[in-house]
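Visitor: Attaching a single structure in structure tokens format; questions to follow.
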Amino acid sequence: MRGLVRLAAWVAALMLVLAGGNAVAADTIKIGAFFDLSGPAAFIGTPTKLVADMVVDKINGEGGVNGRKIELVIGDTGGDPAKAINIAKKFIYKDKVSAIIGPTRTGTGMAVKKIIHGGKIPAFMTVGGDPVIMGGDKLGPFDWVFKSPQRSSVAVQRLYMYLKDKGLTQIALLTASDGFGKDGARWLTKMAPEYGITVVAQEGFGPKDTDMTTQLTNIKNASPQAIVVWTIGPAGSIVSKNKAQLGIDLPLFQCHGLPDPKYIELAGTASEGDRMPATKLMVADQLPDSDAQKPVIQEFIRLYTQKYQYDKQFPINTHSGYAWDAIMIVAEAMKKAGTDADALRSAIEQTKGYVGVSGVYNLTPEDHNGLGVDSMVIVQVKDGQFSMAK
């Protein structure tokens, strides 16, 4: 009899322990976060992960999400679509995350788009290309996918507005052959007529290419008024250097993925005068006090540079705020709707007037980005730094 009593007591104690463990687990909200922490885009993915840590630390320090703390489950895609697919499956089916942040590049984003849709878990991507939030038979549904960086189409609009204002109507395109470059090329050619712009030459290159003199020579022979480049990473700086080496005296415009001190470092003096669309983060001190984003951006910069001192290894660039905005929007939606997947997805989709680092977000069922041309400025390299372009 005593043995049965002791057994019952032991079982009861075990149940209390298990219940306690489940209570702890219930107090934590898991969010999967995968970025290029290795590979050619690690210079973007690694600081993005640090910002994700930073914003989660801020949210948890302020009471979490309705008293529950966020726990990031980290994954490294290495820029490999197959690896990204495996991580996404792990997030959804093993880790049981409530949402996903990332990945870093358009190619890996497209690779996991179908997986996310099948798993019915909201994903807020930090990729540049538009296809992840475009539908149709070719690109597939985007119900469960959102993205925080501006659409490529919005960046093209902002750039073309500037070119038209400056009377630059004859342009040459030089675009990368990867998913991001192709996305940019599509919008650049499609939208040119809307702004009275003619594409007089179009050249391509591999994102890992180290010399674009042949393409630039072809472009020079077409006599454009300006050159527009669409790529991320070192390739953009190589184009700038090659242009200078060839003595081509034409204005050079890069895409919204290149406003980064690294661009100036790699291109050196050749980058002087280069212009590109960017988030306001790059020229925070030059924003008027009336700009609603200014205090948000200043707080972000304070945390990034002073509290966490990430800038010592990764100076702030136009990508820096993407994970901040993605996680903040997801957390705000969780505060309203909880973590039920359908309710959370719907709440994210109804985000209105969220003032972020990268812009003021107004999402709709048709637009899972929610940023317009007013979220971007044109910056120029002047005296080795980024300034608001005149």
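Residue names in the structure tokens use chain letters A, B, ... in the order shown, residue numbers from 1 in each chain, and ligand numbers from 1 in the order shown.
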Which residues come within 10 Å of A:Ala41, counting only C-alpha atoms, excluding same-chain residues fewer than 4 positions away, as a list in words?

Guide: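 What passes the distance filter is Phe35, Asp36, Leu37, Gly45, Thr46, Gly78, Gly79, Thr104, Arg105, Ile232, Gly233 and Pro234 of chain A.
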
Visitor: Could you name the residues that touch stretch 191-195 of chain A at 10 Å or less, counting only C-alpha atoms, but leaving out those on the same chain fewer than 3 positions away, as JSON, numbers by chain?

Guide: {"A": [153, 156, 157, 160, 161, 163, 164, 165, 169, 170, 171, 186, 187, 188, 198, 199]}

Visitor: Mind writing the picked residues with C-alpha atoms as an mmCIF file, in the first residue's frame?

Guide:
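selection_13.cif, written as the output of this step:
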data_model
loop_
_atom_site.group_PDB
_atom_site.id
_atom_site.type_symbol
_atom_site.label_atom_id
_atom_site.label_comp_id
_atom_site.auth_asym_id
_atom_site.auth_seq_id
_atom_site.Cartn_x
_atom_site.Cartn_y
_atom_site.Cartn_z
ATOM 1 C CA SER A 153 9.465 48.288 -58.634
ATOM 2 C CA VAL A 156 12.824 51.790 -59.984
ATOM 3 C CA GLN A 157 10.016 54.336 -59.736
ATOM 4 C CA TYR A 160 13.154 57.081 -62.742
ATOM 5 C CA MET A 161 11.484 60.073 -61.074
ATOM 6 C CA LEU A 163 16.263 60.710 -63.879
ATOM 7 C CA LYS A 164 13.257 62.387 -65.479
ATOM 8 C CA ASP A 165 13.690 65.423 -63.232
ATOM 9 C CA THR A 169 16.082 60.029 -70.795
ATOM 10 C CA GLN A 170 18.578 57.829 -72.692
ATOM 11 C CA ILE A 171 19.966 55.133 -70.412
ATOM 12 C CA ARG A 186 12.216 43.405 -65.675
ATOM 13 C CA TRP A 187 10.987 46.538 -63.906
ATOM 14 C CA LEU A 188 13.573 48.836 -65.471
ATOM 15 C CA THR A 198 14.534 54.927 -73.548
ATOM 16 C CA VAL A 199 16.859 51.986 -72.901
#

Visitor: Which residues are near A:Gly273? Cut-off 10 Å, only C-alpha atoms, ignore same chain within fewer than 2 positions. Put them as a VMD selection string.

Guide: chain A and resid 251 to 253 269 to 271 275 379 to 384 386 389

Visitor: Would you mind exporting C-alpha atoms of the selected residues as an mmCIF file, in the first residue's frame?

Guide:
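selection24.cif written:
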data_model
loop_
_atom_site.group_PDB
_atom_site.id
_atom_site.type_symbol
_atom_site.label_atom_id
_atom_site.label_comp_id
_atom_site.auth_asym_id
_atom_site.auth_seq_id
_atom_site.Cartn_x
_atom_site.Cartn_y
_atom_site.Cartn_z
ATOM 1 C CA PRO A 251 26.658 59.444 -64.435
ATOM 2 C CA LEU A 252 26.368 56.035 -62.758
ATOM 3 C CA PHE A 253 23.273 54.960 -60.848
ATOM 4 C CA THR A 269 37.540 57.379 -55.431
ATOM 5 C CA ALA A 270 35.791 55.938 -58.490
ATOM 6 C CA SER A 271 32.544 55.975 -56.512
ATOM 7 C CA ARG A 275 23.943 57.918 -57.035
ATOM 8 C CA VAL A 379 21.728 59.488 -52.201
ATOM 9 C CA GLN A 380 25.064 60.446 -53.711
ATOM 10 C CA VAL A 381 28.653 59.635 -52.809
ATOM 11 C CA LYS A 382 30.238 62.944 -51.855
ATOM 12 C CA ASP A 383 33.663 63.274 -50.238
ATOM 13 C CA GLY A 384 33.649 59.545 -49.489
ATOM 14 C CA PHE A 386 26.586 59.265 -48.592
ATOM 15 C CA ALA A 389 21.554 63.914 -53.848
#

Visitor: Skipping near chain neighbours, those fewer than 4 positions away, what residues fall within 9 Å of A:Gly128 using only C-alpha atoms, listed as an mmCIF file with N, CA and C atoms, in the first residue's frame?

Guide:
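Okay, this is what ended up in result32.cif:
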data_model
loop_
_atom_site.group_PDB
_atom_site.id
_atom_site.type_symbol
_atom_site.label_atom_id
_atom_site.label_comp_id
_atom_site.auth_asym_id
_atom_site.auth_seq_id
_atom_site.Cartn_x
_atom_site.Cartn_y
_atom_site.Cartn_z
ATOM 1 N N THR A 104 17.744 36.048 -46.803
ATOM 2 C CA THR A 104 18.488 37.239 -47.188
ATOM 3 C C THR A 104 18.330 37.607 -48.655
ATOM 4 N N ARG A 105 18.314 36.614 -49.537
ATOM 5 C CA ARG A 105 18.336 36.899 -50.972
ATOM 6 C C ARG A 105 17.082 36.391 -51.676
ATOM 7 N N THR A 106 16.789 37.003 -52.813
ATOM 8 C CA THR A 106 15.578 36.686 -53.558
ATOM 9 C C THR A 106 15.523 35.215 -53.969
ATOM 10 N N LYS A 147 7.316 41.070 -47.062
ATOM 11 C CA LYS A 147 8.730 41.467 -47.103
ATOM 12 C C LYS A 147 8.896 42.906 -46.657
ATOM 13 N N SER A 148 10.003 43.178 -45.953
ATOM 14 C CA SER A 148 10.226 44.505 -45.390
ATOM 15 C C SER A 148 10.999 45.460 -46.287
ATOM 16 N N PRO A 149 11.977 45.015 -47.125
ATOM 17 C CA PRO A 149 12.635 45.965 -48.024
ATOM 18 C C PRO A 149 11.667 46.461 -49.104
ATOM 19 N N GLN A 150 11.911 47.662 -49.583
ATOM 20 C CA GLN A 150 11.088 48.187 -50.670
ATOM 21 C C GLN A 150 11.072 47.233 -51.857
ATOM 22 N N ARG A 151 9.950 47.219 -52.550
ATOM 23 C CA ARG A 151 9.869 46.469 -53.794
ATOM 24 C C ARG A 151 10.897 47.013 -54.783
ATOM 25 N N SER A 152 11.424 46.151 -55.633
ATOM 26 C CA SER A 152 12.290 46.615 -56.713
ATOM 27 C C SER A 152 11.547 47.622 -57.582
ATOM 28 N N PHE A 180 17.729 38.650 -58.229
ATOM 29 C CA PHE A 180 17.563 40.060 -57.908
ATOM 30 C C PHE A 180 17.816 40.921 -59.141
ATOM 31 N N HIS A 256 18.935 50.052 -55.104
ATOM 32 C CA HIS A 256 18.682 50.320 -53.689
ATOM 33 C C HIS A 256 19.357 49.323 -52.754
ATOM 34 N N GLY A 257 20.047 48.323 -53.321
ATOM 35 C CA GLY A 257 20.750 47.355 -52.480
ATOM 36 C C GLY A 257 22.188 47.722 -52.195
#

Visitor: Choose the residue, out of A:Lys220, A:Lys312, A:Lys94, A:His319, that has the smallest atom-to-atom separation from A:Ala172; count only C-alpha atoms.

Guide: A:Lys220

Visitor: Restricting the calculation to only C-alpha atoms, which member of A:Ile115, A:Asn86, A:Gly109, A:Asp325 is positioned closest to A:Ile133?

Guide: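 Answer, going by the shortest atom-to-atom distance: A:Gly109.
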
Visitor: Could you list, as a list of chain:residue names, every residue within 8 Å of A:Lys335, counting only C-alpha atoms and ignoring same-chain residues fewer than 3 positions away?

Guide: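 Non-adjacent residues within range: A:Val65, A:Asn66, A:Ala331, A:Glu332, A:Gly338.
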
Visitor: With N, CA and C atoms retained, could you export that selection as an mmCIF file, in the first residue's frame?

Guide:
data_model
loop_
_atom_site.group_PDB
_atom_site.id
_atom_site.type_symbol
_atom_site.label_atom_id
_atom_site.label_comp_id
_atom_site.auth_asym_id
_atom_site.auth_seq_id
_atom_site.Cartn_x
_atom_site.Cartn_y
_atom_site.Cartn_z
ATOM 1 N N VAL A 65 5.695 40.125 -25.773
ATOM 2 C CA VAL A 65 4.418 40.174 -26.484
ATOM 3 C C VAL A 65 3.328 39.716 -25.525
ATOM 4 N N ASN A 66 2.622 40.670 -24.968
ATOM 5 C CA ASN A 66 1.583 40.358 -23.976
ATOM 6 C C ASN A 66 2.137 39.491 -22.843
ATOM 7 N N ALA A 331 5.580 41.326 -34.262
ATOM 8 C CA ALA A 331 5.306 41.409 -32.819
ATOM 9 C C ALA A 331 4.048 42.233 -32.535
ATOM 10 N N GLU A 332 3.890 43.341 -33.254
ATOM 11 C CA GLU A 332 2.690 44.162 -33.064
ATOM 12 C C GLU A 332 1.438 43.391 -33.472
ATOM 13 N N GLY A 338 -2.536 37.356 -31.263
ATOM 14 C CA GLY A 338 -1.975 36.136 -30.714
ATOM 15 C C GLY A 338 -1.121 35.414 -31.739
#

Visitor: With distances taken over only C-alpha atoms, which of A:Val200, A:Val154, A:Leu281, A:Ser290 is nearest to A:Leu371?

Guide: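 Checking each of A:Val200, A:Val154, A:Leu281, A:Ser290 against A:Leu371, counting only C-alpha atoms, the winner is A:Val154.
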
Visitor: Find the spatial neighbours of stretch 209-219 of chain A, counting only C-alpha atoms, within a cut-off of 8 Å - ignore same-chain residues fewer than 3 positions away - and output them as a list in words.

Guide: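 In the requested form, the answer reads Ala172, Leu174, Ala201, Gln202, Glu203, Gly204, Phe205, Gly206, Ala222, Ser223, Pro224, Ala235, Ile238, Val239, Asn242, Lys243 and Leu246 of chain A.
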
Visitor: For the interface of stretch 141-190 of chain A with stretch 343-351 of chain A (cut-off 9 Å, counting only C-alpha atoms), please tabulate each contacting residue of stretch 141-190 of chain A alongside its nearest pair of atoms and their separation in Å to one decimal, rows sorted by chain and increasing number, as a tab-separated table.

Guide:
residue	atom	partner	partner_atom	distance
A:Asp143	CA	A:Arg345	CA	8.3
A:Trp144	CA	A:Arg345	CA	6.6
A:Val145	CA	A:Arg345	CA	8.9
A:Phe146	CA	A:Glu349	CA	8.3

Visitor: With only C-alpha atoms as the atoms that count, which of A:Thr339, A:Asn369, A:Thr77, A:Thr175 lies nearest to A:Pro40?

Guide: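 Selected residue with least distance to A:Pro40: A:Thr77.
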
Visitor: Using only C-alpha atoms, which of A:Gly32, A:Pro122, A:Gly136, A:Pro131 sits nearest A:Val97?

Guide: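 Ranked by minimum distance to A:Val97, first place goes to A:Gly32.
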
Visitor: Give the strand (DSSP E) residues of stretch 175-216 of chain A, as assigned by DSSP on the backbone, as number ranges by chain.

Guide: A: 175-176, 198-205

Visitor: Write the residues you've just listed into a file as an mmCIF file, in the first residue's frame, and include N, CA and C atoms for each of them.

Guide:
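Result written to result22.cif:
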data_model
loop_
_atom_site.group_PDB
_atom_site.id
_atom_site.type_symbol
_atom_site.label_atom_id
_atom_site.label_comp_id
_atom_site.auth_asym_id
_atom_site.auth_seq_id
_atom_site.Cartn_x
_atom_site.Cartn_y
_atom_site.Cartn_z
ATOM 1 N N THR A 175 22.849 44.705 -65.659
ATOM 2 C CA THR A 175 22.172 43.998 -64.569
ATOM 3 C C THR A 175 22.749 42.609 -64.348
ATOM 4 N N ALA A 176 22.712 42.165 -63.090
ATOM 5 C CA ALA A 176 23.216 40.847 -62.728
ATOM 6 C C ALA A 176 22.275 39.755 -63.220
ATOM 7 N N THR A 198 14.219 55.930 -72.536
ATOM 8 C CA THR A 198 14.534 54.927 -73.548
ATOM 9 C C THR A 198 15.786 54.158 -73.133
ATOM 10 N N VAL A 199 15.702 52.841 -73.189
ATOM 11 C CA VAL A 199 16.859 51.986 -72.901
ATOM 12 C C VAL A 199 17.604 51.768 -74.219
ATOM 13 N N VAL A 200 18.792 52.364 -74.349
ATOM 14 C CA VAL A 200 19.538 52.300 -75.612
ATOM 15 C C VAL A 200 20.519 51.134 -75.653
ATOM 16 N N ALA A 201 20.778 50.533 -74.495
ATOM 17 C CA ALA A 201 21.674 49.368 -74.435
ATOM 18 C C ALA A 201 21.358 48.572 -73.181
ATOM 19 N N GLN A 202 21.519 47.260 -73.262
ATOM 20 C CA GLN A 202 21.251 46.403 -72.107
ATOM 21 C C GLN A 202 22.279 45.278 -72.080
ATOM 22 N N GLU A 203 23.039 45.231 -70.995
ATOM 23 C CA GLU A 203 24.100 44.243 -70.827
ATOM 24 C C GLU A 203 23.892 43.496 -69.506
ATOM 25 N N GLY A 204 24.472 42.289 -69.424
ATOM 26 C CA GLY A 204 24.373 41.507 -68.198
ATOM 27 C C GLY A 204 25.727 41.004 -67.738
ATOM 28 N N PHE A 205 25.756 40.485 -66.517
ATOM 29 C CA PHE A 205 26.984 39.917 -65.952
ATOM 30 C C PHE A 205 26.631 38.948 -64.837
#

Visitor: Find the residues near A:Ile100: any atom within 8 Å, counting only C-alpha atoms, skip ones fewer than 3 places away on the same chain, and give them as a PyMOL selection string.

Guide: chain A and resi 31-34+91+97+121-125

Visitor: Can I get the selected residues back with C-alpha atoms, as a CSV table (one decimal), in the first residue's frame?

Guide:
chain,number,residue,atom,x,y,z
A,31,ILE,CA,10.2,32.8,-34.3
A,32,GLY,CA,12.4,31.2,-37.0
A,33,ALA,CA,15.1,33.5,-38.4
A,34,PHE,CA,17.3,32.4,-41.2
A,91,PHE,CA,11.2,25.7,-38.5
A,97,VAL,CA,7.7,28.4,-34.8
A,121,ILE,CA,3.2,30.0,-41.3
A,122,PRO,CA,3.6,33.8,-41.8
A,123,ALA,CA,7.0,34.7,-43.1
A,124,PHE,CA,8.3,38.3,-43.2
A,125,MET,CA,11.2,38.2,-45.7

Visitor: Rounded to one decimal, what separation in Å do you get between atom CA of A:Asp53 and atom CA of A:Tyr310?

Guide: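 Interatomic distance, atom CA of A:Asp53 to atom CA of A:Tyr310: 11.3 Å.
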
Visitor: Any chance you could list, as a PyMOL selection string, the residues in stretch 32-106 of chain A that come up alpha helix (DSSP H) when DSSP is run on the backbone?

Guide: chain A and resi 42-61+81-89+106

Visitor: Between A:Lys90, A:Arg302, A:Lys190, A:Lys294, single out the one closest to A:Gly359, counting only C-alpha atoms.

Guide: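 Using only C-alpha atoms, A:Gly359 sits closest to A:Lys294.
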
Visitor: Between atom CA of A:Pro261 and atom CA of A:Lys182, measure the distance and give it in Å to one decimal.

Guide: 24.6 Å
